[in-house]
file run-v9.txt (compact mmCIF, N, CA and C atoms)
# COMPACT_ATOMS: atom_id res chain seq x y z
N MET A 1 21.41 45.02 115.35
CA MET A 1 22.49 44.17 114.92
C MET A 1 23.38 43.87 116.12
N LYS A 2 23.87 42.68 116.11
CA LYS A 2 24.71 42.26 117.24
C LYS A 2 26.07 41.87 116.71
N SER A 3 27.04 42.05 117.58
CA SER A 3 28.38 41.63 117.21
C SER A 3 28.79 40.48 118.12
N THR A 4 29.62 39.61 117.62
CA THR A 4 30.11 38.49 118.43
C THR A 4 31.31 38.96 119.23
N SER A 5 31.50 38.29 120.31
CA SER A 5 32.65 38.66 121.12
C SER A 5 33.89 37.96 120.60
N GLY A 6 34.96 38.46 120.85
CA GLY A 6 36.22 37.87 120.42
C GLY A 6 37.15 38.97 119.99
N PRO A 7 38.40 38.64 119.86
CA PRO A 7 39.36 39.66 119.50
C PRO A 7 39.19 40.13 118.05
N GLY A 8 38.67 41.32 117.85
CA GLY A 8 38.55 41.97 116.54
C GLY A 8 37.55 41.36 115.60
N ALA A 9 36.84 40.34 115.99
CA ALA A 9 35.88 39.71 115.08
C ALA A 9 34.51 40.31 115.30
N THR A 10 33.95 40.77 114.24
CA THR A 10 32.60 41.30 114.32
C THR A 10 31.75 40.55 113.31
N ARG A 11 30.65 40.05 113.76
CA ARG A 11 29.76 39.31 112.88
C ARG A 11 28.42 40.03 112.88
N TRP A 12 27.89 40.18 111.70
CA TRP A 12 26.61 40.87 111.58
C TRP A 12 25.51 39.85 111.34
N TYR A 13 24.43 40.01 112.01
CA TYR A 13 23.25 39.17 111.82
C TYR A 13 22.21 39.98 111.06
N PRO A 14 21.49 39.34 110.16
CA PRO A 14 20.48 40.08 109.40
C PRO A 14 19.35 40.52 110.31
N SER A 15 18.81 41.67 110.02
CA SER A 15 17.68 42.15 110.81
C SER A 15 16.40 41.50 110.30
N ALA A 16 15.31 41.68 111.01
CA ALA A 16 14.05 41.05 110.65
C ALA A 16 13.53 41.57 109.32
N GLY A 17 13.78 42.83 108.97
CA GLY A 17 13.30 43.42 107.73
C GLY A 17 13.96 42.85 106.49
N SER A 18 15.17 42.36 106.57
CA SER A 18 15.87 41.87 105.38
C SER A 18 15.26 40.58 104.86
N GLY A 19 14.62 39.79 105.69
CA GLY A 19 13.93 38.57 105.24
C GLY A 19 12.75 38.94 104.35
N ARG A 20 12.04 39.98 104.74
CA ARG A 20 10.91 40.45 103.92
C ARG A 20 11.43 41.03 102.60
N GLN A 21 12.57 41.72 102.67
CA GLN A 21 13.13 42.31 101.45
C GLN A 21 13.54 41.21 100.47
N ARG A 22 14.13 40.13 101.00
CA ARG A 22 14.50 39.02 100.12
C ARG A 22 13.28 38.37 99.50
N LEU A 23 12.24 38.20 100.30
CA LEU A 23 11.00 37.61 99.80
C LEU A 23 10.40 38.50 98.71
N LEU A 24 10.37 39.80 98.94
CA LEU A 24 9.85 40.74 97.97
C LEU A 24 10.69 40.73 96.69
N ALA A 25 12.03 40.70 96.84
CA ALA A 25 12.92 40.65 95.68
C ALA A 25 12.71 39.36 94.89
N GLY A 26 12.53 38.24 95.59
CA GLY A 26 12.28 36.97 94.91
C GLY A 26 10.95 36.97 94.18
N LEU A 27 9.92 37.52 94.84
CA LEU A 27 8.61 37.61 94.22
C LEU A 27 8.65 38.51 92.98
N LEU A 28 9.34 39.62 93.09
CA LEU A 28 9.48 40.53 91.96
C LEU A 28 10.21 39.85 90.80
N THR A 29 11.24 39.09 91.10
CA THR A 29 11.98 38.35 90.07
C THR A 29 11.07 37.37 89.35
N VAL A 30 10.26 36.65 90.12
CA VAL A 30 9.34 35.68 89.53
C VAL A 30 8.31 36.38 88.64
N LEU A 31 7.78 37.52 89.10
CA LEU A 31 6.81 38.26 88.30
C LEU A 31 7.41 38.78 87.00
N VAL A 32 8.63 39.27 87.05
CA VAL A 32 9.30 39.75 85.84
C VAL A 32 9.53 38.58 84.88
N LEU A 33 9.94 37.43 85.41
CA LEU A 33 10.17 36.25 84.59
C LEU A 33 8.87 35.78 83.93
N VAL A 34 7.78 35.74 84.69
CA VAL A 34 6.48 35.33 84.14
C VAL A 34 6.03 36.33 83.06
N GLY A 35 6.22 37.61 83.30
CA GLY A 35 5.85 38.62 82.30
C GLY A 35 6.65 38.46 81.02
N ALA A 36 7.95 38.20 81.16
CA ALA A 36 8.79 38.02 79.98
C ALA A 36 8.38 36.77 79.20
N LEU A 37 8.08 35.69 79.89
CA LEU A 37 7.63 34.47 79.22
C LEU A 37 6.30 34.68 78.52
N PHE A 38 5.40 35.44 79.14
CA PHE A 38 4.12 35.74 78.51
C PHE A 38 4.31 36.56 77.25
N ALA A 39 5.21 37.54 77.29
CA ALA A 39 5.48 38.37 76.11
C ALA A 39 6.05 37.52 74.98
N VAL A 40 6.95 36.61 75.29
CA VAL A 40 7.53 35.72 74.28
C VAL A 40 6.44 34.81 73.71
N TYR A 41 5.56 34.30 74.58
CA TYR A 41 4.46 33.44 74.13
C TYR A 41 3.56 34.20 73.15
N ARG A 42 3.20 35.45 73.51
CA ARG A 42 2.30 36.22 72.65
C ARG A 42 2.98 36.51 71.29
N ALA A 43 4.24 36.80 71.30
CA ALA A 43 4.95 37.08 70.06
C ALA A 43 5.04 35.81 69.21
N ASP A 44 5.32 34.70 69.83
CA ASP A 44 5.42 33.43 69.11
C ASP A 44 4.06 32.97 68.60
N ALA A 45 2.99 33.25 69.33
CA ALA A 45 1.66 32.83 68.89
C ALA A 45 1.30 33.49 67.56
N GLY A 46 1.62 34.75 67.38
CA GLY A 46 1.36 35.43 66.11
C GLY A 46 2.19 34.84 64.98
N ALA A 47 3.44 34.53 65.27
CA ALA A 47 4.30 33.95 64.25
C ALA A 47 3.82 32.56 63.85
N VAL A 48 3.39 31.78 64.82
CA VAL A 48 2.87 30.44 64.53
C VAL A 48 1.59 30.54 63.71
N LYS A 49 0.72 31.46 64.05
CA LYS A 49 -0.53 31.64 63.30
C LYS A 49 -0.23 32.07 61.86
N ALA A 50 0.71 32.98 61.67
CA ALA A 50 1.06 33.44 60.32
C ALA A 50 1.68 32.30 59.50
N ALA A 51 2.52 31.49 60.13
CA ALA A 51 3.12 30.36 59.43
C ALA A 51 2.05 29.35 59.03
N GLY A 52 1.08 29.11 59.89
CA GLY A 52 -0.01 28.20 59.58
C GLY A 52 -0.85 28.70 58.42
N LEU A 53 -1.13 30.00 58.39
CA LEU A 53 -1.89 30.59 57.29
C LEU A 53 -1.13 30.45 55.98
N ALA A 54 0.15 30.72 56.01
CA ALA A 54 0.97 30.59 54.80
C ALA A 54 0.99 29.14 54.31
N ALA A 55 1.10 28.20 55.24
CA ALA A 55 1.10 26.78 54.85
C ALA A 55 -0.23 26.39 54.23
N ARG A 56 -1.34 26.89 54.79
CA ARG A 56 -2.66 26.58 54.23
C ARG A 56 -2.80 27.13 52.82
N LEU A 57 -2.28 28.34 52.58
CA LEU A 57 -2.38 28.92 51.24
C LEU A 57 -1.56 28.13 50.23
N ILE A 58 -0.43 27.61 50.68
CA ILE A 58 0.41 26.80 49.78
C ILE A 58 -0.23 25.45 49.52
N LEU A 59 -0.82 24.86 50.55
CA LEU A 59 -1.39 23.52 50.41
C LEU A 59 -2.76 23.52 49.73
N ARG A 60 -3.44 24.69 49.71
CA ARG A 60 -4.76 24.75 49.08
C ARG A 60 -4.77 25.80 47.97
N PRO A 61 -4.14 25.51 46.84
CA PRO A 61 -4.09 26.50 45.77
C PRO A 61 -5.47 26.79 45.17
N ALA A 62 -6.41 25.84 45.23
CA ALA A 62 -7.75 26.09 44.68
C ALA A 62 -8.43 27.21 45.46
N HIS A 63 -8.24 27.23 46.76
CA HIS A 63 -8.82 28.29 47.59
C HIS A 63 -8.25 29.63 47.17
N ASP A 64 -6.96 29.66 46.91
CA ASP A 64 -6.30 30.90 46.48
C ASP A 64 -6.84 31.35 45.12
N ALA A 65 -7.09 30.40 44.23
CA ALA A 65 -7.64 30.74 42.92
C ALA A 65 -9.04 31.31 43.07
N ASP A 66 -9.84 30.77 43.99
CA ASP A 66 -11.18 31.31 44.24
C ASP A 66 -11.09 32.74 44.77
N GLN A 67 -10.13 33.00 45.64
CA GLN A 67 -9.96 34.35 46.17
C GLN A 67 -9.55 35.32 45.07
N ARG A 68 -8.70 34.88 44.17
CA ARG A 68 -8.28 35.74 43.07
C ARG A 68 -9.45 36.05 42.14
N ALA A 69 -10.31 35.06 41.89
CA ALA A 69 -11.48 35.28 41.03
C ALA A 69 -12.44 36.26 41.71
N GLU A 70 -12.62 36.12 43.00
CA GLU A 70 -13.48 37.04 43.74
C GLU A 70 -12.89 38.45 43.72
N GLN A 71 -11.58 38.56 43.86
CA GLN A 71 -10.93 39.87 43.83
C GLN A 71 -11.07 40.51 42.45
N ARG A 72 -10.98 39.69 41.39
CA ARG A 72 -11.17 40.22 40.03
C ARG A 72 -12.59 40.76 39.87
N GLN A 73 -13.57 40.04 40.45
CA GLN A 73 -14.96 40.48 40.37
C GLN A 73 -15.13 41.82 41.09
N PHE A 74 -14.55 41.94 42.28
CA PHE A 74 -14.63 43.20 43.02
C PHE A 74 -13.99 44.33 42.21
N ASP A 75 -12.83 44.06 41.63
CA ASP A 75 -12.14 45.08 40.84
C ASP A 75 -12.97 45.51 39.64
N LEU A 76 -13.60 44.54 38.97
CA LEU A 76 -14.43 44.85 37.80
C LEU A 76 -15.60 45.75 38.19
N VAL A 77 -16.30 45.41 39.27
CA VAL A 77 -17.45 46.21 39.70
C VAL A 77 -16.99 47.61 40.12
N ARG A 78 -15.89 47.71 40.84
CA ARG A 78 -15.38 49.01 41.26
C ARG A 78 -15.02 49.87 40.04
N ASP A 79 -14.36 49.26 39.05
CA ASP A 79 -13.98 50.00 37.84
C ASP A 79 -15.21 50.42 37.04
N GLU A 80 -16.23 49.55 36.97
CA GLU A 80 -17.45 49.91 36.25
C GLU A 80 -18.16 51.07 36.95
N LEU A 81 -18.18 51.06 38.27
CA LEU A 81 -18.82 52.16 39.00
C LEU A 81 -18.08 53.47 38.73
N ALA A 82 -16.75 53.44 38.78
CA ALA A 82 -15.96 54.65 38.53
C ALA A 82 -16.11 55.13 37.09
N ALA A 83 -16.30 54.22 36.13
CA ALA A 83 -16.42 54.61 34.73
C ALA A 83 -17.81 55.16 34.41
N GLN A 84 -18.84 54.69 35.11
CA GLN A 84 -20.21 55.09 34.77
C GLN A 84 -20.75 56.26 35.58
N VAL A 85 -20.17 56.50 36.76
CA VAL A 85 -20.68 57.58 37.61
C VAL A 85 -19.52 58.52 37.93
N PRO A 86 -19.64 59.80 37.52
CA PRO A 86 -18.55 60.74 37.83
C PRO A 86 -18.48 61.04 39.33
N PRO A 87 -17.32 61.43 39.83
CA PRO A 87 -17.18 61.76 41.26
C PRO A 87 -18.11 62.91 41.66
N ASP A 88 -18.37 63.00 42.94
CA ASP A 88 -19.16 64.08 43.54
C ASP A 88 -20.63 64.06 43.11
N HIS A 89 -21.16 62.88 42.80
CA HIS A 89 -22.57 62.73 42.50
C HIS A 89 -23.20 61.82 43.55
N ALA A 90 -24.53 61.83 43.60
CA ALA A 90 -25.26 60.99 44.55
C ALA A 90 -25.80 59.77 43.82
N ILE A 91 -25.68 58.60 44.47
CA ILE A 91 -26.20 57.36 43.88
C ILE A 91 -27.22 56.73 44.81
N TYR A 92 -28.09 55.96 44.20
CA TYR A 92 -29.10 55.19 44.91
C TYR A 92 -28.93 53.74 44.49
N LEU A 93 -28.85 52.82 45.43
CA LEU A 93 -28.71 51.40 45.12
C LEU A 93 -30.09 50.85 44.83
N ASP A 94 -30.31 50.49 43.57
CA ASP A 94 -31.64 50.13 43.09
C ASP A 94 -31.73 48.63 42.79
N HIS A 95 -32.74 47.99 43.32
CA HIS A 95 -33.06 46.59 43.03
C HIS A 95 -31.86 45.65 43.19
N LEU A 96 -31.19 45.74 44.30
CA LEU A 96 -30.08 44.81 44.55
C LEU A 96 -30.64 43.52 45.12
N ASP A 97 -30.44 42.43 44.41
CA ASP A 97 -30.83 41.12 44.93
C ASP A 97 -29.60 40.55 45.63
N ASP A 98 -29.46 40.90 46.89
CA ASP A 98 -28.24 40.59 47.64
C ASP A 98 -28.59 40.03 49.01
N PRO A 99 -28.96 38.74 49.09
CA PRO A 99 -29.36 38.18 50.38
C PRO A 99 -28.24 38.20 51.43
N SER A 100 -27.00 38.06 51.00
CA SER A 100 -25.89 38.03 51.98
C SER A 100 -25.48 39.43 52.41
N GLY A 101 -25.79 40.43 51.61
CA GLY A 101 -25.39 41.80 51.91
C GLY A 101 -23.97 42.12 51.48
N LEU A 102 -23.28 41.16 50.90
CA LEU A 102 -21.88 41.35 50.50
C LEU A 102 -21.75 42.45 49.45
N TRP A 103 -22.56 42.38 48.40
CA TRP A 103 -22.44 43.36 47.32
C TRP A 103 -22.91 44.73 47.76
N THR A 104 -23.92 44.78 48.60
CA THR A 104 -24.37 46.07 49.12
C THR A 104 -23.24 46.74 49.87
N GLN A 105 -22.58 45.98 50.73
CA GLN A 105 -21.45 46.52 51.49
C GLN A 105 -20.32 46.96 50.57
N ARG A 106 -20.02 46.14 49.57
CA ARG A 106 -18.93 46.48 48.65
C ARG A 106 -19.26 47.74 47.85
N LEU A 107 -20.51 47.85 47.39
CA LEU A 107 -20.89 49.05 46.63
C LEU A 107 -20.79 50.31 47.49
N ILE A 108 -21.15 50.19 48.75
CA ILE A 108 -21.01 51.33 49.67
C ILE A 108 -19.54 51.72 49.78
N GLU A 109 -18.66 50.73 49.92
CA GLU A 109 -17.23 51.01 50.02
C GLU A 109 -16.69 51.61 48.72
N PHE A 110 -17.11 51.03 47.58
CA PHE A 110 -16.63 51.53 46.29
C PHE A 110 -17.11 52.96 46.07
N ALA A 111 -18.34 53.26 46.48
CA ALA A 111 -18.87 54.61 46.34
C ALA A 111 -18.04 55.59 47.16
N ALA A 112 -17.68 55.21 48.36
CA ALA A 112 -16.86 56.08 49.20
C ALA A 112 -15.49 56.32 48.58
N MET A 113 -14.90 55.27 47.98
CA MET A 113 -13.59 55.42 47.35
C MET A 113 -13.67 56.31 46.11
N ALA A 114 -14.83 56.34 45.44
CA ALA A 114 -14.98 57.13 44.22
C ALA A 114 -15.58 58.50 44.49
N ARG A 115 -15.66 58.92 45.77
CA ARG A 115 -16.23 60.21 46.17
C ARG A 115 -17.67 60.36 45.72
N LEU A 116 -18.46 59.31 45.95
CA LEU A 116 -19.88 59.34 45.61
C LEU A 116 -20.68 59.35 46.90
N ALA A 117 -21.78 60.09 46.90
CA ALA A 117 -22.66 60.12 48.07
C ALA A 117 -23.75 59.07 47.86
N LEU A 118 -24.00 58.29 48.88
CA LEU A 118 -25.03 57.26 48.83
C LEU A 118 -26.28 57.80 49.50
N VAL A 119 -27.40 57.78 48.79
CA VAL A 119 -28.65 58.30 49.35
C VAL A 119 -29.68 57.18 49.38
N GLY A 120 -30.63 57.30 50.31
CA GLY A 120 -31.67 56.29 50.45
C GLY A 120 -32.93 56.60 49.67
N ASP A 121 -33.02 57.79 49.13
CA ASP A 121 -34.20 58.23 48.38
C ASP A 121 -33.81 58.43 46.92
N PRO A 122 -34.47 57.71 45.99
CA PRO A 122 -34.09 57.88 44.58
C PRO A 122 -34.34 59.29 44.06
N GLY A 123 -35.22 60.06 44.70
CA GLY A 123 -35.47 61.43 44.28
C GLY A 123 -34.30 62.35 44.53
N GLN A 124 -33.41 61.99 45.43
CA GLN A 124 -32.23 62.80 45.74
C GLN A 124 -30.98 62.34 44.98
N ALA A 125 -31.11 61.25 44.24
CA ALA A 125 -29.94 60.65 43.58
C ALA A 125 -29.78 61.17 42.17
N ASP A 126 -28.53 61.23 41.74
CA ASP A 126 -28.21 61.57 40.35
C ASP A 126 -28.21 60.32 39.48
N TYR A 127 -27.83 59.18 40.08
CA TYR A 127 -27.75 57.91 39.36
C TYR A 127 -28.37 56.80 40.20
N ALA A 128 -29.01 55.85 39.52
CA ALA A 128 -29.48 54.62 40.16
C ALA A 128 -28.51 53.51 39.75
N VAL A 129 -27.97 52.80 40.73
CA VAL A 129 -26.97 51.78 40.47
C VAL A 129 -27.54 50.42 40.84
N THR A 130 -27.35 49.46 39.95
CA THR A 130 -27.80 48.10 40.23
C THR A 130 -26.79 47.11 39.68
N LEU A 131 -26.84 45.91 40.19
CA LEU A 131 -26.00 44.81 39.70
C LEU A 131 -26.91 43.80 39.03
N VAL A 132 -26.53 43.37 37.83
CA VAL A 132 -27.32 42.38 37.11
C VAL A 132 -26.43 41.22 36.70
N PRO A 133 -26.98 40.00 36.76
CA PRO A 133 -26.20 38.87 36.26
C PRO A 133 -26.06 38.98 34.74
N ASP A 134 -24.87 38.76 34.25
CA ASP A 134 -24.61 38.86 32.82
C ASP A 134 -23.53 37.85 32.48
N GLN A 135 -23.92 36.83 31.74
CA GLN A 135 -22.96 35.77 31.41
C GLN A 135 -21.87 36.25 30.46
N SER A 136 -22.12 37.35 29.75
CA SER A 136 -21.09 37.87 28.85
C SER A 136 -20.06 38.71 29.59
N ALA A 137 -20.37 39.07 30.84
CA ALA A 137 -19.42 39.85 31.64
C ALA A 137 -18.27 38.94 32.07
N PRO A 138 -17.08 39.49 32.27
CA PRO A 138 -15.92 38.66 32.61
C PRO A 138 -16.14 37.75 33.82
N GLN A 139 -16.87 38.20 34.82
CA GLN A 139 -17.07 37.36 36.01
C GLN A 139 -18.55 37.02 36.21
N GLY A 140 -19.38 37.28 35.21
CA GLY A 140 -20.79 36.91 35.30
C GLY A 140 -21.68 37.93 36.00
N LEU A 141 -21.16 39.11 36.28
CA LEU A 141 -21.92 40.14 36.97
C LEU A 141 -21.53 41.49 36.39
N ARG A 142 -22.53 42.34 36.15
CA ARG A 142 -22.26 43.64 35.57
C ARG A 142 -22.96 44.72 36.39
N LEU A 143 -22.30 45.86 36.53
CA LEU A 143 -22.88 47.00 37.21
C LEU A 143 -23.48 47.93 36.15
N LEU A 144 -24.71 48.38 36.40
CA LEU A 144 -25.36 49.33 35.52
C LEU A 144 -25.72 50.57 36.31
N ALA A 145 -25.38 51.72 35.78
CA ALA A 145 -25.74 53.00 36.40
C ALA A 145 -26.65 53.73 35.43
N ARG A 146 -27.82 54.12 35.91
CA ARG A 146 -28.81 54.82 35.09
C ARG A 146 -28.94 56.25 35.61
N LYS A 147 -28.79 57.22 34.70
CA LYS A 147 -28.87 58.63 35.11
C LYS A 147 -30.31 58.97 35.42
N LEU A 148 -30.54 59.56 36.62
CA LEU A 148 -31.88 59.93 37.04
C LEU A 148 -32.18 61.39 36.80
N ARG A 149 -31.21 62.26 36.94
CA ARG A 149 -31.41 63.70 36.71
C ARG A 149 -30.16 64.35 36.20
call {"tool": "encode", "arguments": {"input": "run-v9.txt", "output": "structure tokens"}}
result
Amino acid sequence: MKSTSGPGATRWYPSAGSGRQRLLAGLLTVLVLVGALFAVYRADAGAVKAAGLAARLILRPAHDADQRAEQRQFDLVRDELAAQVPPDHAIYLDHLDDPSGLWTQRLIEFAAMARLALVGDPGQADYAVTLVPDQSAPQGLRLLARKLR
């Protein structure tokens, strides 16, 4: 650092390192600002997506009605499984005509919720469970459990 000459006047000049410090401080400020903007963007993106989903549900009530009918069907099958097969028994999924795999997956989930063991061999099962189309059933599908042993 150098001082200027003159009566009592001292002037300080910045050293070479302070230019780098200012550059680093400016870069750090920019990075913090970009990070904050990114965080706000991510938070807003979720809110915008949720608002869009809510608007779609309001604008498409038929879709909502289809979902409710599907949920009623799931509830009916789950309740039938719980009513026909006591907990802590083994079940075998028998003759499921399920090309999409949806009902197979749901029955596996319902069995787990009802404390039922799912087995791949009917000789190890206590009950054989199948789904049959039935127009007299509330949603056109009925679960049947047949005692094996």
call {"tool": "atom_distance", "arguments": {"input": "run-v9.txt", "atom1": "atom N of His89 (chain A)", "atom2": "atom N of Leu141 (chain A)"}}
result
24.6 Å
call {"tool": "atom_distance", "arguments": {"input": "run-v9.txt", "atom1": "CA of Ala55 (chain A)", "atom2": "CA of Ala39 (chain A)"}}
result
24.6 Å
call {"tool": "closest_residue", "arguments": {"input": "run-v9.txt", "among": "A:Leu76, A:Leu116, A:Ile91, A:Leu96", "to": "Leu143 (chain A)", "atoms": "all atoms listed in the file"}}
result
A:Leu76
call {"tool": "select_by_dssp", "arguments": {"input": "run-v9.txt", "residues": "region 3-132 of chain A", "states": "alpha helix (DSSP H)", "output": "VMD selection string"}}
result
chain A and resid 16 to 59 61 to 84 102 to 113
call {"tool": "closest_residue", "arguments": {"input": "run-v9.txt", "among": "A:Asp44, A:Gln135, A:Arg56, A:Leu144", "to": "Leu81 (chain A)", "atoms": "all atoms listed in the file"}}
result
A:Leu144
call {"tool": "residues_around", "arguments": {"input": "run-v9.txt", "residues": "Asp126 (chain A)", "least_positions_apart": "4", "cutoff": "9 Å", "atoms": "only C-alpha atoms", "output": "ChimeraX atom specification"}}
result
/A:85,89-92,122,146-149
call {"tool": "atom_distance", "arguments": {"input": "run-v9.txt", "atom1": "atom N of Ala145 (chain A)", "atom2": "CA of Val129 (chain A)"}}
result
5.0 Å
